[in-house]
Structure formats: structure tokens, C-alpha cells
$ cat input29.cif   # mmCIF, C-alpha atoms
data_input
#
loop_
_atom_site.label_atom_id
_atom_site.label_comp_id
_atom_site.auth_asym_id
_atom_site.auth_seq_id
_atom_site.Cartn_x
_atom_site.Cartn_y
_atom_site.Cartn_z
CA MET A 1 -209.55 128.03 -27.92
CA ALA A 2 -213.20 129.09 -27.66
CA GLY A 3 -213.77 132.16 -25.54
CA ALA A 4 -210.05 133.05 -25.35
CA LEU A 5 -208.67 136.33 -26.69
CA MET A 6 -206.33 135.80 -29.64
CA ARG A 7 -203.32 138.13 -29.73
CA SER A 8 -201.44 139.14 -32.81
CA ALA A 9 -197.83 138.05 -32.84
CA GLY A 10 -195.36 140.61 -31.56
CA MET A 11 -198.03 143.28 -31.02
CA GLY A 12 -199.73 142.05 -27.85
CA MET A 13 -203.04 143.50 -29.08
CA PRO A 14 -206.26 141.57 -28.54
CA MET A 15 -207.81 140.21 -31.75
CA PRO A 16 -211.62 140.19 -31.95
CA PRO A 17 -213.28 136.81 -32.64
CA PRO A 18 -214.85 136.22 -36.10
CA ARG A 19 -218.29 137.70 -36.52
CA GLY A 20 -221.04 135.13 -36.17
CA SER A 21 -218.87 132.78 -34.08
CA GLY A 22 -221.04 133.30 -30.99
CA ILE A 23 -218.04 134.42 -28.97
CA PRO A 24 -218.74 137.74 -27.17
CA MET A 25 -216.76 140.74 -28.33
CA PRO A 26 -214.02 141.74 -25.83
CA ARG A 27 -214.31 144.90 -23.74
CA THR A 28 -211.76 147.54 -24.69
CA GLY A 29 -212.10 149.50 -21.42
CA MET A 30 -213.57 152.52 -23.23
CA PRO A 31 -217.17 153.43 -22.33
CA MET A 32 -219.62 153.18 -25.22
CA SER A 33 -222.05 156.07 -25.56
CA PRO A 34 -225.69 155.05 -25.82
CA PRO A 35 -227.53 155.99 -29.01
CA ARG A 36 -228.93 159.50 -29.02
CA GLY A 37 -232.60 159.58 -28.21
CA SER A 38 -232.48 156.28 -26.35
CA GLY A 39 -233.22 157.96 -23.04
CA LEU A 40 -230.13 156.42 -21.42
CA PRO A 41 -227.77 158.78 -19.52
CA MET A 42 -224.60 159.76 -21.31
CA PRO A 43 -221.35 158.62 -19.64
CA ARG A 44 -219.44 161.24 -17.61
CA GLU A 45 -215.70 161.36 -17.17
CA THR A 46 -214.49 162.10 -13.65
CA TYR A 47 -211.01 162.87 -12.40
CA ASN A 48 -209.55 162.42 -8.93
CA VAL A 49 -205.85 162.86 -9.56
CA PRO A 50 -203.68 162.69 -6.42
CA HIS A 51 -202.12 166.08 -5.62
CA ARG A 52 -199.31 167.13 -3.39
CA ILE A 53 -199.70 169.53 -0.49
CA PRO A 54 -197.68 172.65 -1.40
CA TRP A 55 -197.68 174.32 2.04
CA HIS A 56 -196.19 172.67 5.09
CA TRP A 57 -195.43 173.43 8.76
CA GLN A 58 -193.59 176.61 7.82
CA VAL A 59 -196.86 178.34 6.89
CA PRO A 60 -198.61 177.90 10.29
CA ALA A 61 -195.37 178.96 11.99
CA TYR A 62 -195.11 181.93 9.61
CA LEU A 63 -198.65 183.02 10.48
CA VAL A 64 -197.92 182.93 14.21
CA ALA A 65 -194.60 184.77 13.84
CA LYS A 66 -196.25 187.43 11.67
CA ALA A 67 -199.09 187.83 14.15
CA ILE A 68 -196.59 188.43 16.96
CA GLY A 69 -194.42 190.79 14.92
CA ALA A 70 -197.24 192.93 13.57
CA GLY A 71 -199.36 192.74 16.70
CA ALA A 72 -196.62 193.80 19.12
CA PHE A 73 -196.11 197.01 17.15
CA ILE A 74 -199.84 197.69 16.74
CA VAL A 75 -200.70 197.17 20.42
CA ALA A 76 -197.72 199.09 21.82
CA ALA A 77 -197.75 202.01 19.37
CA VAL A 78 -201.50 202.60 19.45
CA GLY A 79 -201.58 202.17 23.23
CA VAL A 80 -198.85 204.77 23.75
CA ALA A 81 -200.37 207.16 21.20
CA LEU A 82 -203.79 207.00 22.89
CA GLY A 83 -202.33 207.35 26.37
CA LEU A 84 -203.36 203.84 27.44
CA PHE A 85 -199.75 202.78 28.08
CA PRO A 86 -196.81 204.79 29.41
CA ALA A 87 -193.97 205.59 27.00
CA SER A 88 -191.74 203.15 28.88
CA PRO A 89 -189.09 200.91 27.27
CA LEU A 90 -191.52 197.97 27.23
CA PHE A 91 -193.90 199.78 24.87
CA THR A 92 -191.28 201.59 22.78
CA THR A 93 -187.83 200.04 22.38
CA ILE A 94 -188.62 196.49 23.48
CA ALA A 95 -191.92 196.31 21.58
CA ALA A 96 -190.21 197.49 18.39
CA PHE A 97 -187.38 194.99 18.88
CA VAL A 98 -189.81 192.09 19.42
CA SER A 99 -191.67 193.17 16.31
CA LEU A 100 -188.53 193.24 14.16
CA VAL A 101 -187.33 189.85 15.41
CA PHE A 102 -190.60 188.06 14.64
CA ILE A 103 -191.11 189.79 11.29
CA GLY A 104 -187.61 188.57 10.43
CA ILE A 105 -188.53 185.02 11.49
CA ASN A 106 -191.73 185.30 9.48
CA THR A 107 -189.84 186.36 6.35
CA GLY A 108 -187.35 183.53 6.74
CA LEU A 109 -190.16 180.96 7.03
CA LEU A 110 -191.91 182.45 4.01
CA VAL A 111 -188.77 182.10 1.87
CA TRP A 112 -188.07 178.61 3.24
CA ASP A 113 -191.45 177.31 2.10
CA LEU A 114 -191.02 178.49 -1.50
CA ASP A 115 -190.43 175.78 -4.10
CA ARG A 116 -187.19 177.52 -5.08
CA PRO A 117 -186.05 179.64 -2.10
CA GLU A 118 -182.94 180.79 -3.95
CA ARG A 119 -185.21 182.58 -6.43
CA PHE A 120 -186.85 184.78 -3.80
CA TRP A 121 -184.97 187.75 -5.20
CA THR A 122 -186.95 187.45 -8.44
CA ILE A 123 -190.05 188.47 -6.48
CA LEU A 124 -188.29 191.74 -5.68
CA ILE A 125 -186.59 192.49 -9.00
CA ARG A 126 -189.39 191.20 -11.26
CA PRO A 127 -192.52 191.43 -9.12
CA GLN A 128 -195.91 190.29 -10.42
CA TRP A 129 -198.01 193.06 -8.95
CA LYS A 130 -201.24 191.10 -9.29
CA SER A 131 -199.86 188.50 -6.90
CA TRP A 132 -200.27 189.06 -3.18
CA LEU A 133 -197.05 187.15 -2.66
CA ALA A 134 -195.16 190.03 -4.28
CA ARG A 135 -197.31 192.69 -2.64
CA GLY A 136 -196.85 191.04 0.75
CA ALA A 137 -193.08 190.90 0.30
CA PHE A 138 -192.93 194.66 -0.23
CA ILE A 139 -195.32 195.30 2.67
CA LEU A 140 -193.03 193.30 4.96
CA ILE A 141 -189.96 195.14 3.66
CA GLY A 142 -191.64 198.52 4.17
CA PHE A 143 -192.73 197.60 7.69
CA SER A 144 -189.24 196.33 8.53
CA ILE A 145 -187.68 199.61 7.35
CA VAL A 146 -190.13 201.85 9.22
CA GLY A 147 -190.07 199.61 12.31
CA GLY A 148 -186.28 199.52 12.23
CA LEU A 149 -186.02 203.31 12.05
CA TYR A 150 -188.57 203.61 14.85
CA PHE A 151 -186.53 201.23 17.01
CA LEU A 152 -183.28 203.10 16.34
CA SER A 153 -184.86 206.48 17.05
CA GLN A 154 -186.24 205.19 20.34
CA LEU A 155 -182.89 203.64 21.22
CA ALA A 156 -180.83 206.72 20.35
CA ASN A 157 -183.41 209.18 21.70
CA PRO A 158 -182.21 212.09 19.56
CA ALA A 159 -183.16 215.68 20.21
CA PRO A 160 -186.66 216.53 19.02
CA LEU A 161 -187.20 218.21 15.67
CA ARG A 162 -188.37 221.80 15.95
CA PHE A 163 -190.91 223.43 13.64
CA GLY A 164 -191.47 227.01 14.63
CA GLY A 165 -192.72 226.85 18.18
CA TYR A 166 -193.39 223.12 18.06
CA SER A 167 -191.08 220.18 18.74
CA LEU A 168 -191.59 216.63 17.54
CA HIS A 169 -189.61 213.46 18.10
CA PHE A 170 -188.56 211.62 14.95
CA SER A 171 -190.05 208.39 16.28
CA ASN A 172 -193.47 210.05 16.46
CA LEU A 173 -193.30 210.74 12.73
CA LEU A 174 -192.84 207.02 12.13
CA LEU A 175 -195.46 205.77 14.57
CA TRP A 176 -198.65 205.90 12.47
CA PRO A 177 -197.00 204.85 9.17
CA GLY A 178 -195.60 201.91 11.14
CA VAL A 179 -199.07 201.07 12.50
CA ILE A 180 -200.57 201.13 9.00
CA LEU A 181 -197.82 198.88 7.62
CA ALA A 182 -198.17 196.57 10.63
CA ILE A 183 -201.91 196.18 9.97
CA LEU A 184 -201.24 195.46 6.30
CA SER A 185 -198.60 192.92 7.32
CA ALA A 186 -201.12 191.23 9.59
CA VAL A 187 -203.95 190.92 7.06
CA TYR A 188 -202.37 190.61 3.61
CA THR A 189 -202.15 186.82 3.94
CA ALA A 190 -205.96 186.68 3.72
CA PHE A 191 -205.75 188.03 0.16
CA LEU A 192 -202.85 185.70 -0.63
CA PHE A 193 -204.98 182.76 0.52
CA ALA A 194 -207.90 184.05 -1.56
CA GLN A 195 -205.76 183.68 -4.68
CA ALA A 196 -205.34 179.94 -4.00
CA GLU A 197 -208.06 178.68 -6.33
CA GLY A 198 -209.90 175.58 -5.22
CA ARG A 199 -209.25 176.21 -1.51
CA ASP A 200 -212.70 177.61 -0.84
CA LEU A 201 -212.42 177.73 2.95
CA TRP A 202 -209.73 180.39 2.53
CA GLN A 203 -212.08 182.62 0.53
CA SER A 204 -213.91 183.83 3.65
CA THR A 205 -214.55 187.57 3.84
CA LEU A 206 -214.00 187.32 7.61
CA LEU A 207 -210.41 186.15 7.22
CA PRO A 208 -208.74 189.62 7.12
CA TRP A 209 -210.59 190.61 10.29
CA HIS A 210 -209.74 187.29 11.92
CA LEU A 211 -206.04 187.74 11.14
CA PHE A 212 -206.13 191.26 12.58
CA VAL A 213 -207.72 190.08 15.84
CA GLN A 214 -205.21 187.23 16.04
CA SER A 215 -202.39 189.76 15.65
CA VAL A 216 -203.70 191.94 18.47
CA MET A 217 -204.01 188.86 20.69
CA ALA A 218 -200.54 187.57 19.80
CA GLY A 219 -198.93 191.00 20.14
CA ALA A 220 -200.46 191.60 23.58
CA ALA A 221 -199.39 188.11 24.67
CA ALA A 222 -195.83 188.73 23.48
CA LEU A 223 -195.63 192.01 25.39
CA ILE A 224 -196.90 190.36 28.58
CA LEU A 225 -194.30 187.60 28.26
CA ALA A 226 -191.57 190.13 27.45
CA SER A 227 -192.42 192.16 30.55
CA LEU A 228 -192.19 189.06 32.73
CA PHE A 229 -189.05 187.74 31.08
CA LEU A 230 -187.21 191.04 31.33
CA GLY A 231 -188.41 191.81 34.86
CA LEU A 232 -190.37 194.85 33.70
CA ALA A 233 -193.71 193.96 35.22
CA SER A 234 -193.42 197.10 37.33
CA ASN A 235 -192.27 199.18 34.34
CA GLY A 236 -189.22 200.22 36.36
CA MET A 237 -191.23 202.93 38.12
CA GLY A 238 -193.05 201.00 40.81
CA MET A 239 -196.16 200.81 38.63
CA PRO A 240 -197.94 197.52 37.84
CA LEU A 241 -198.35 196.29 34.31
CA PRO A 242 -201.00 198.55 32.75
CA ARG A 243 -204.46 197.10 33.18
CA ALA A 244 -205.23 198.28 29.65
CA LEU A 245 -202.80 195.65 28.32
CA ALA A 246 -204.61 192.86 30.18
CA TRP A 247 -207.95 194.21 28.93
CA THR A 248 -206.63 194.38 25.37
CA PHE A 249 -205.45 190.79 25.61
CA GLY A 250 -208.70 189.58 27.18
CA LEU A 251 -210.94 191.33 24.64
CA SER A 252 -208.90 190.00 21.74
CA LEU A 253 -209.24 186.47 23.16
CA LEU A 254 -213.01 186.88 23.39
CA VAL A 255 -213.41 188.31 19.87
CA ASN A 256 -211.12 185.64 18.45
CA LEU A 257 -213.22 182.95 20.13
CA LEU A 258 -216.45 184.39 18.74
CA ILE A 259 -215.08 184.72 15.21
CA THR A 260 -213.67 181.20 15.22
CA LEU A 261 -216.85 179.60 16.56
CA GLY A 262 -219.55 181.72 14.99
CA GLY A 263 -217.88 183.23 11.94
CA GLU A 264 -215.44 180.86 10.29
CA PHE A 265 -217.18 177.60 11.20
CA GLY A 266 -220.60 178.48 12.57
CA VAL A 267 -222.20 179.59 9.29
CA PRO A 268 -223.04 177.63 6.10
CA HIS A 269 -220.24 177.56 3.55
CA ALA A 270 -220.57 178.66 -0.05
CA SER A 271 -219.37 175.43 -1.66
CA HIS A 272 -219.09 171.74 -0.90
CA VAL A 273 -215.29 172.04 -1.01
CA ALA A 274 -215.31 174.64 1.78
CA ALA A 275 -217.86 172.59 3.73
CA ALA A 276 -215.71 169.47 3.38
CA ALA A 277 -212.63 171.31 4.67
CA ALA A 278 -214.61 172.79 7.58
CA HIS A 279 -215.97 169.34 8.44
CA MET A 280 -212.46 167.92 8.39
CA ILE A 281 -211.39 170.62 10.87
CA THR A 282 -214.33 170.50 13.25
CA GLN A 283 -215.29 166.81 13.12
CA GLY A 284 -212.69 164.96 11.09
CA ARG A 285 -208.96 164.48 11.11
CA TYR A 286 -208.16 167.88 12.65
CA ARG A 287 -210.94 168.02 15.24
CA ASN A 288 -208.47 167.65 18.14
CA HIS A 289 -206.46 170.59 16.80
CA TYR A 290 -209.57 172.73 16.44
CA TRP A 291 -211.32 171.98 19.73
CA GLY A 292 -208.02 171.88 21.61
CA SER A 293 -207.10 175.34 20.33
CA LEU A 294 -210.51 176.67 21.37
CA ALA A 295 -210.41 175.12 24.84
CA PHE A 296 -206.77 175.57 25.81
CA GLY A 297 -205.75 178.38 23.46
CA LEU A 298 -208.73 180.73 23.88
CA ALA A 299 -211.24 179.74 26.58
CA LEU A 300 -208.75 178.84 29.33
CA PRO A 301 -206.54 181.92 28.69
CA LEU A 302 -209.68 184.07 28.85
CA VAL A 303 -210.57 182.60 32.25
CA LEU A 304 -207.00 183.15 33.49
CA THR A 305 -207.07 186.75 32.27
CA VAL A 306 -210.32 187.47 34.11
CA PHE A 307 -208.81 185.87 37.22
CA ALA A 308 -205.68 188.01 36.83
CA SER A 309 -207.76 191.16 36.58
CA ALA A 310 -209.53 190.32 39.82
CA ARG A 311 -206.48 189.11 41.79
CA HIS A 312 -203.63 191.59 41.45
CA GLY A 313 -201.18 189.49 43.47
CA GLU A 314 -201.28 186.59 41.05
CA ALA A 315 -201.78 188.74 37.93
CA ALA A 316 -198.30 188.36 36.45
CA ALA A 317 -198.16 184.56 36.67
CA ALA A 318 -201.75 184.09 35.45
CA LEU A 319 -201.27 186.47 32.53
CA ALA A 320 -198.00 184.81 31.56
CA ALA A 321 -199.67 181.38 31.55
CA ALA A 322 -202.59 182.72 29.52
CA SER A 323 -200.22 184.35 27.02
CA GLY A 324 -198.18 181.20 26.49
CA LEU A 325 -201.31 179.07 26.05
CA SER A 326 -202.81 181.52 23.55
CA LEU A 327 -199.70 181.48 21.34
CA ALA A 328 -199.49 177.68 21.44
CA GLY A 329 -203.20 177.43 20.68
CA LEU A 330 -202.82 179.84 17.76
CA PHE A 331 -200.19 177.60 16.18
CA VAL A 332 -202.37 174.50 16.64
CA TYR A 333 -205.35 176.27 15.07
CA GLU A 334 -203.33 177.59 12.13
CA TRP A 335 -201.98 174.09 11.52
CA ALA A 336 -205.52 172.76 11.01
CA PHE A 337 -206.64 175.81 9.04
CA VAL A 338 -203.70 175.58 6.62
CA MET A 339 -203.49 171.79 6.23
CA ALA A 340 -207.15 170.70 5.98
CA PRO A 341 -208.15 172.67 2.85
CA GLN A 342 -205.11 171.30 1.02
CA GLU A 343 -206.27 167.72 1.60
CA VAL A 344 -209.70 168.19 0.04
CA PRO A 345 -209.76 167.15 -3.67
CA ASN A 346 -210.66 170.02 -5.98
CA ASN A 347 -212.96 167.96 -8.25
#
$ encode --input "input29.cif" --output "C-alpha cells"
Amino acid sequence: MAGALMRSAGMGMPMPPPRGSGIPMPRTGMPMSPPRGSGLPMPRETYNVPHRIPWHWQVPAYLVAKAIGAGAFIVAAVGVALGLFPASPLFTTIAAFVSLVFIGINTGLLVWDLDRPERFWTILIRPQWKSWLARGAFILIGFSIVGGLYFLSQLANPAPLRFGGYSLHFSNLLLWPGVILAILSAVYTAFLFAQAEGRDLWQSTLLPWHLFVQSVMAGAAALILASLFLGLASNGMGMPLPRALAWTFGLSLLVNLLITLGGEFGVPHASHVAAAAAHMITQGRYRNHYWGSLAFGLALPLVLTVFASARHGEAAAALAAASGLSLAGLFVYEWAFVMAPQEVPNN
């Protein structure tokens, strides 16, 4: 039949028509390269292979839990050491306990999101030291050990150690090593994200600083909520909640807002992949997450904190509301920040 493709029996392969028959040769589906020197552009192969999203809801939750765990220790320990907060149970025993609980939750979420959670032990017994996943695991373990010893020493309140004419509490020996490990716990995820090739939005040099500020904000919020929940707003001594804690929380909200607006998304991005992810967050699929977290997770808590600082009678309720909103807003923001770059094709 003229114009029809003849197939060889049993092979299902198209047979070309006889030369000179006037019937056009069939297309094979393979692009033909033009002759060299013809001036025509050479064909280019492109790939857009569907890919799965490796990180899920556990990672945003892990980031929030880690921010609370590391931040509670940083805020309380540094505040007590600098004399900004009293050495009351809220800023010693309770702060260390809150820190340990949320670092434990963070570790559990981290293991849960692994492809093979049962093989987590291989990270510890055969660590790849170039990987920030292994480095981060040991940072978290070190912080948990030092934080646990700090908590037990505060709980037991042993007699101070004496060196000549000086005395020193064991917990004080652990305070600054704990702060250093808490800071490393807060920021190491930035370097872990940087090792995710093709996710250019995560390569930002501001990310370690952003994670640190988020930890201070989350830690201060957790301490405010703990004081209200445990009825320690007066610190058990007829004193109000230290104003320095409200100021710490308010300043961290402001800096976080400035970094998020002007740093992470207010400057040109180095690649089209990063720009596409940023556009998806600010104007695309995740715009409600982004702008909602800014409005209700940062701006509104900042207003409530300023109000609380001016009106002492309503300070506890306003600060508690601001703290809860900031933690919820942090989760919403981290959801967009983690999910959007994974949805941008790498080609």
C-alpha cells in the first residue's frame, strides 16, 4: 500500500520503501545532525527526568526542635553568665531540661527521615568525616553529653570544687563548652544543606547566621512559655520575668525579620536554580507560607513584645502569645525553605 510502512515479519521493525519509489523515508525519532559548515545549529539533548523529594516534613520539624534545644541553652547559659538573668531554676535546671528534650526530639526526627533509619549506627561506627551528616551527629551527641551533665550538676547541686583559695561549681566548668556545642548544633545544618548539590538556595553564606538567630528566638520563646506553664513568671522570689529575656526575644525577632526579608530573599541570587526556588517561595506555590510566617510569625510577635514591654500588667500573656506565634511561624517558614528547592529541576 503506497505510503504505508512495511514491517518485517516477526520483528515489528519498520522497513524503508524502495529507493526511487517517491515514498518519503520514515522518521526514526533520532535527530539528524546538519552537515558541518552548513551554518545550521547543532541539535542539543536536554534532560528533565522526574526526581523524588528526599526530605519531608521531618526536616522542618527537626529544624524547629533543634532551634529550641540549642537556643534554650544558649540564651539561658549566656544570660546567667553575663548577669542578665538570675541563677534561678528557670535559667538553670529547667532550661537545661528543655534543651535536652528538644535535642532528643531533633535527633529522633533526623534518624526517622533517613532512607534506612536502622543503619543510623553506621554513621557513628564508620563515619564519613567529610560529610556534615556525620559531623552533625557527633556534635549533637557531644552537646547532649555536656548538657546532660550540666543538668545533673544543677539538679544535684554538689559542693563546689576547691582550688587553693578558689571554689568553683562543676556546672560552671560545663557552661561555656555547652554554649559552644549548642551554637555548633544550631548552625551545622547550614553546612549540611550546602553539601546538597543542585539546591542552590541552600548555598547562602547567610544561612549559618540565620540559623543562629532563629535558635536565639526559639530558645527565648521556649523559656517564656516554660515560665508561664510552670508558674515561674515571678521566678519564685517575687520578681517579674527578667526584662532582658523579653528584649532578647524582641531583638531576635527583629533581626530574623531583617535577614529573611533583606538577606535570604531581598538580594539577587547566584544562579537561576536559586532564583527559581526563591520565586516559588515568595510568589509561587509557597507564598502563603512565606508571607504568613513573616506577618504572623515575626511581625505580629514583635508588636506584641513591644506592647508587653510597655504594659507590665499584660506582659506575661502578650509574651506567651508572641512566643507561640513565633514558633509556629518558624515551622511554616522552614517548611517552605526545605520543600521549595527540592521541587526545582536541577537541569
$ resolve_selection --input "input29.cif" --expression "the PyMOL selection byres ((chain A and resi 55-61) around 10)" --output "PyMOL selection string"
chain A and resi 52-54+62-67+105-106+108-115+330-339+342
$ closest_residue --input "input29.cif" --among "A:Arg116, A:Ser293, A:Val78, A:Ala317" --to "A:Phe91" --atoms "only C-alpha atoms"
A:Val78
$ resolve_selection --input "input29.cif" --expression "the PyMOL selection byres ((chain A and resi 191-208) around 7)" --output "VMD selection string"
chain A and resid 132 to 133 187 to 190 209 to 212 273 to 274 277 341 to 342 346
$ resolve_selection --input "input29.cif" --expression "the PyMOL selection byres ((chain A and resi 325) around 12)" --output "mmCIF file with C-alpha atoms, keeping the file's coordinate frame"
data_model
loop_
_atom_site.group_PDB
_atom_site.id
_atom_site.type_symbol
_atom_site.label_atom_id
_atom_site.label_comp_id
_atom_site.auth_asym_id
_atom_site.auth_seq_id
_atom_site.Cartn_x
_atom_site.Cartn_y
_atom_site.Cartn_z
ATOM 1 C CA MET A 217 -204.010 188.860 20.690
ATOM 2 C CA ALA A 218 -200.540 187.570 19.800
ATOM 3 C CA ALA A 221 -199.390 188.110 24.670
ATOM 4 C CA ALA A 222 -195.830 188.730 23.480
ATOM 5 C CA LEU A 225 -194.300 187.600 28.260
ATOM 6 C CA LEU A 253 -209.240 186.470 23.160
ATOM 7 C CA GLY A 292 -208.020 171.880 21.610
ATOM 8 C CA SER A 293 -207.100 175.340 20.330
ATOM 9 C CA LEU A 294 -210.510 176.670 21.370
ATOM 10 C CA ALA A 295 -210.410 175.120 24.840
ATOM 11 C CA PHE A 296 -206.770 175.570 25.810
ATOM 12 C CA GLY A 297 -205.750 178.380 23.460
ATOM 13 C CA LEU A 298 -208.730 180.730 23.880
ATOM 14 C CA ALA A 299 -211.240 179.740 26.580
ATOM 15 C CA LEU A 300 -208.750 178.840 29.330
ATOM 16 C CA PRO A 301 -206.540 181.920 28.690
ATOM 17 C CA LEU A 302 -209.680 184.070 28.850
ATOM 18 C CA VAL A 303 -210.570 182.600 32.250
ATOM 19 C CA LEU A 304 -207.000 183.150 33.490
ATOM 20 C CA THR A 305 -207.070 186.750 32.270
ATOM 21 C CA ALA A 318 -201.750 184.090 35.450
ATOM 22 C CA LEU A 319 -201.270 186.470 32.530
ATOM 23 C CA ALA A 320 -198.000 184.810 31.560
ATOM 24 C CA ALA A 321 -199.670 181.380 31.550
ATOM 25 C CA ALA A 322 -202.590 182.720 29.520
ATOM 26 C CA SER A 323 -200.220 184.350 27.020
ATOM 27 C CA GLY A 324 -198.180 181.200 26.490
ATOM 28 C CA SER A 326 -202.810 181.520 23.550
ATOM 29 C CA LEU A 327 -199.700 181.480 21.340
ATOM 30 C CA ALA A 328 -199.490 177.680 21.440
ATOM 31 C CA GLY A 329 -203.200 177.430 20.680
ATOM 32 C CA LEU A 330 -202.820 179.840 17.760
ATOM 33 C CA PHE A 331 -200.190 177.600 16.180
ATOM 34 C CA VAL A 332 -202.370 174.500 16.640
#
$ residues_around --input "input29.cif" --residues "A:Leu90" --least-positions-apart "3" --cutoff "10 Å" --atoms "only C-alpha atoms" --output "ChimeraX atom specification"
/A:76,85-87,93-98,223-224,226-227,230,232-233,235-236,241
$ closest_residue --input "input29.cif" --among "A:Val213, A:Leu84, A:Leu100, A:Val344" --to "A:Gly142" --atoms "all atoms listed in the file"
A:Leu100
$ atom_distance --input "input29.cif" --atom1 "atom CA of A:Ile74" --atom2 "atom CA of A:Gly104"
16.5 Å
$ closest_residue --input "input29.cif" --among "A:Ile281, A:Leu124, A:Val80, A:Ala182" --to "A:Thr92" --atoms "all atoms listed in the file"
A:Val80
$ residues_around --input "input29.cif" --residues "A:Leu174" --least-positions-apart "2" --cutoff "10 Å" --atoms "only C-alpha atoms" --output "ChimeraX atom specification"
/A:146-151,153,169-172,176-179
$ atom_distance --input "input29.cif" --atom1 "atom CA of A:Ala340" --atom2 "atom CA of A:Ala278"
7.9 Å
$ atom_distance --input "input29.cif" --atom1 "atom CA of A:Thr122" --atom2 "atom CA of A:Ile139"
16.0 Å
$ closest_residue --input "input29.cif" --among "A:Ser215, A:Leu184, A:Thr248, A:Leu258" --to "A:Ile141" --atoms "all atoms listed in the file"
A:Leu184
$ decode --input "input29.cif" --residues "stretch 88-101 of chain A" --atoms "N, CA, C and O atoms" --output "PDB file, in the first residue's frame"
ATOM      1  N   SER A  88      18.269  31.272  88.676  1.00  0.00           N
ATOM      2  CA  SER A  88      17.062  30.634  89.201  1.00  0.00           C
ATOM      3  C   SER A  88      16.831  29.325  88.454  1.00  0.00           C
ATOM      4  O   SER A  88      17.444  29.066  87.414  1.00  0.00           O
ATOM      5  N   PRO A  89      15.939  28.461  88.953  1.00  0.00           N
ATOM      6  CA  PRO A  89      15.686  27.186  88.262  1.00  0.00           C
ATOM      7  C   PRO A  89      15.284  27.351  86.801  1.00  0.00           C
ATOM      8  O   PRO A  89      15.618  26.508  85.971  1.00  0.00           O
ATOM      9  N   LEU A  90      14.551  28.427  86.466  1.00  0.00           N
ATOM     10  CA  LEU A  90      14.134  28.613  85.086  1.00  0.00           C
ATOM     11  C   LEU A  90      15.326  28.667  84.147  1.00  0.00           C
ATOM     12  O   LEU A  90      15.287  28.091  83.052  1.00  0.00           O
ATOM     13  N   PHE A  91      16.388  29.335  84.549  1.00  0.00           N
ATOM     14  CA  PHE A  91      17.533  29.542  83.661  1.00  0.00           C
ATOM     15  C   PHE A  91      18.661  28.548  83.904  1.00  0.00           C
ATOM     16  O   PHE A  91      19.725  28.678  83.288  1.00  0.00           O
ATOM     17  N   THR A  92      18.471  27.594  84.788  1.00  0.00           N
ATOM     18  CA  THR A  92      19.497  26.574  85.020  1.00  0.00           C
ATOM     19  C   THR A  92      18.912  25.184  84.761  1.00  0.00           C
ATOM     20  O   THR A  92      19.071  24.635  83.670  1.00  0.00           O
ATOM     21  N   THR A  93      18.199  24.645  85.755  1.00  0.00           N
ATOM     22  CA  THR A  93      17.695  23.280  85.630  1.00  0.00           C
ATOM     23  C   THR A  93      16.655  23.146  84.525  1.00  0.00           C
ATOM     24  O   THR A  93      16.740  22.253  83.677  1.00  0.00           O
ATOM     25  N   ILE A  94      15.660  24.027  84.532  1.00  0.00           N
ATOM     26  CA  ILE A  94      14.562  23.903  83.566  1.00  0.00           C
ATOM     27  C   ILE A  94      15.062  24.173  82.152  1.00  0.00           C
ATOM     28  O   ILE A  94      14.699  23.465  81.199  1.00  0.00           O
ATOM     29  N   ALA A  95      15.905  25.183  81.970  1.00  0.00           N
ATOM     30  CA  ALA A  95      16.439  25.484  80.648  1.00  0.00           C
ATOM     31  C   ALA A  95      17.234  24.301  80.103  1.00  0.00           C
ATOM     32  O   ALA A  95      17.108  23.943  78.923  1.00  0.00           O
ATOM     33  N   ALA A  96      18.057  23.683  80.963  1.00  0.00           N
ATOM     34  CA  ALA A  96      18.831  22.523  80.508  1.00  0.00           C
ATOM     35  C   ALA A  96      17.923  21.351  80.172  1.00  0.00           C
ATOM     36  O   ALA A  96      18.165  20.619  79.203  1.00  0.00           O
ATOM     37  N   PHE A  97      16.863  21.159  80.951  1.00  0.00           N
ATOM     38  CA  PHE A  97      15.927  20.068  80.678  1.00  0.00           C
ATOM     39  C   PHE A  97      15.202  20.283  79.350  1.00  0.00           C
ATOM     40  O   PHE A  97      15.074  19.354  78.536  1.00  0.00           O
ATOM     41  N   VAL A  98      14.717  21.502  79.120  1.00  0.00           N
ATOM     42  CA  VAL A  98      14.051  21.822  77.851  1.00  0.00           C
ATOM     43  C   VAL A  98      15.004  21.573  76.689  1.00  0.00           C
ATOM     44  O   VAL A  98      14.633  21.009  75.649  1.00  0.00           O
ATOM     45  N   SER A  99      16.247  21.980  76.859  1.00  0.00           N
ATOM     46  CA  SER A  99      17.238  21.783  75.812  1.00  0.00           C
ATOM     47  C   SER A  99      17.432  20.311  75.496  1.00  0.00           C
ATOM     48  O   SER A  99      17.445  19.906  74.325  1.00  0.00           O
ATOM     49  N   LEU A 100      17.577  19.483  76.516  1.00  0.00           N
ATOM     50  CA  LEU A 100      17.791  18.048  76.305  1.00  0.00           C
ATOM     51  C   LEU A 100      16.588  17.393  75.634  1.00  0.00           C
ATOM     52  O   LEU A 100      16.744  16.546  74.746  1.00  0.00           O
ATOM     53  N   VAL A 101      15.393  17.775  76.048  1.00  0.00           N
ATOM     54  CA  VAL A 101      14.180  17.175  75.475  1.00  0.00           C
ATOM     55  C   VAL A 101      14.099  17.470  73.977  1.00  0.00           C
ATOM     56  O   VAL A 101      13.868  16.566  73.154  1.00  0.00           O
TER      57      VAL A 101
END
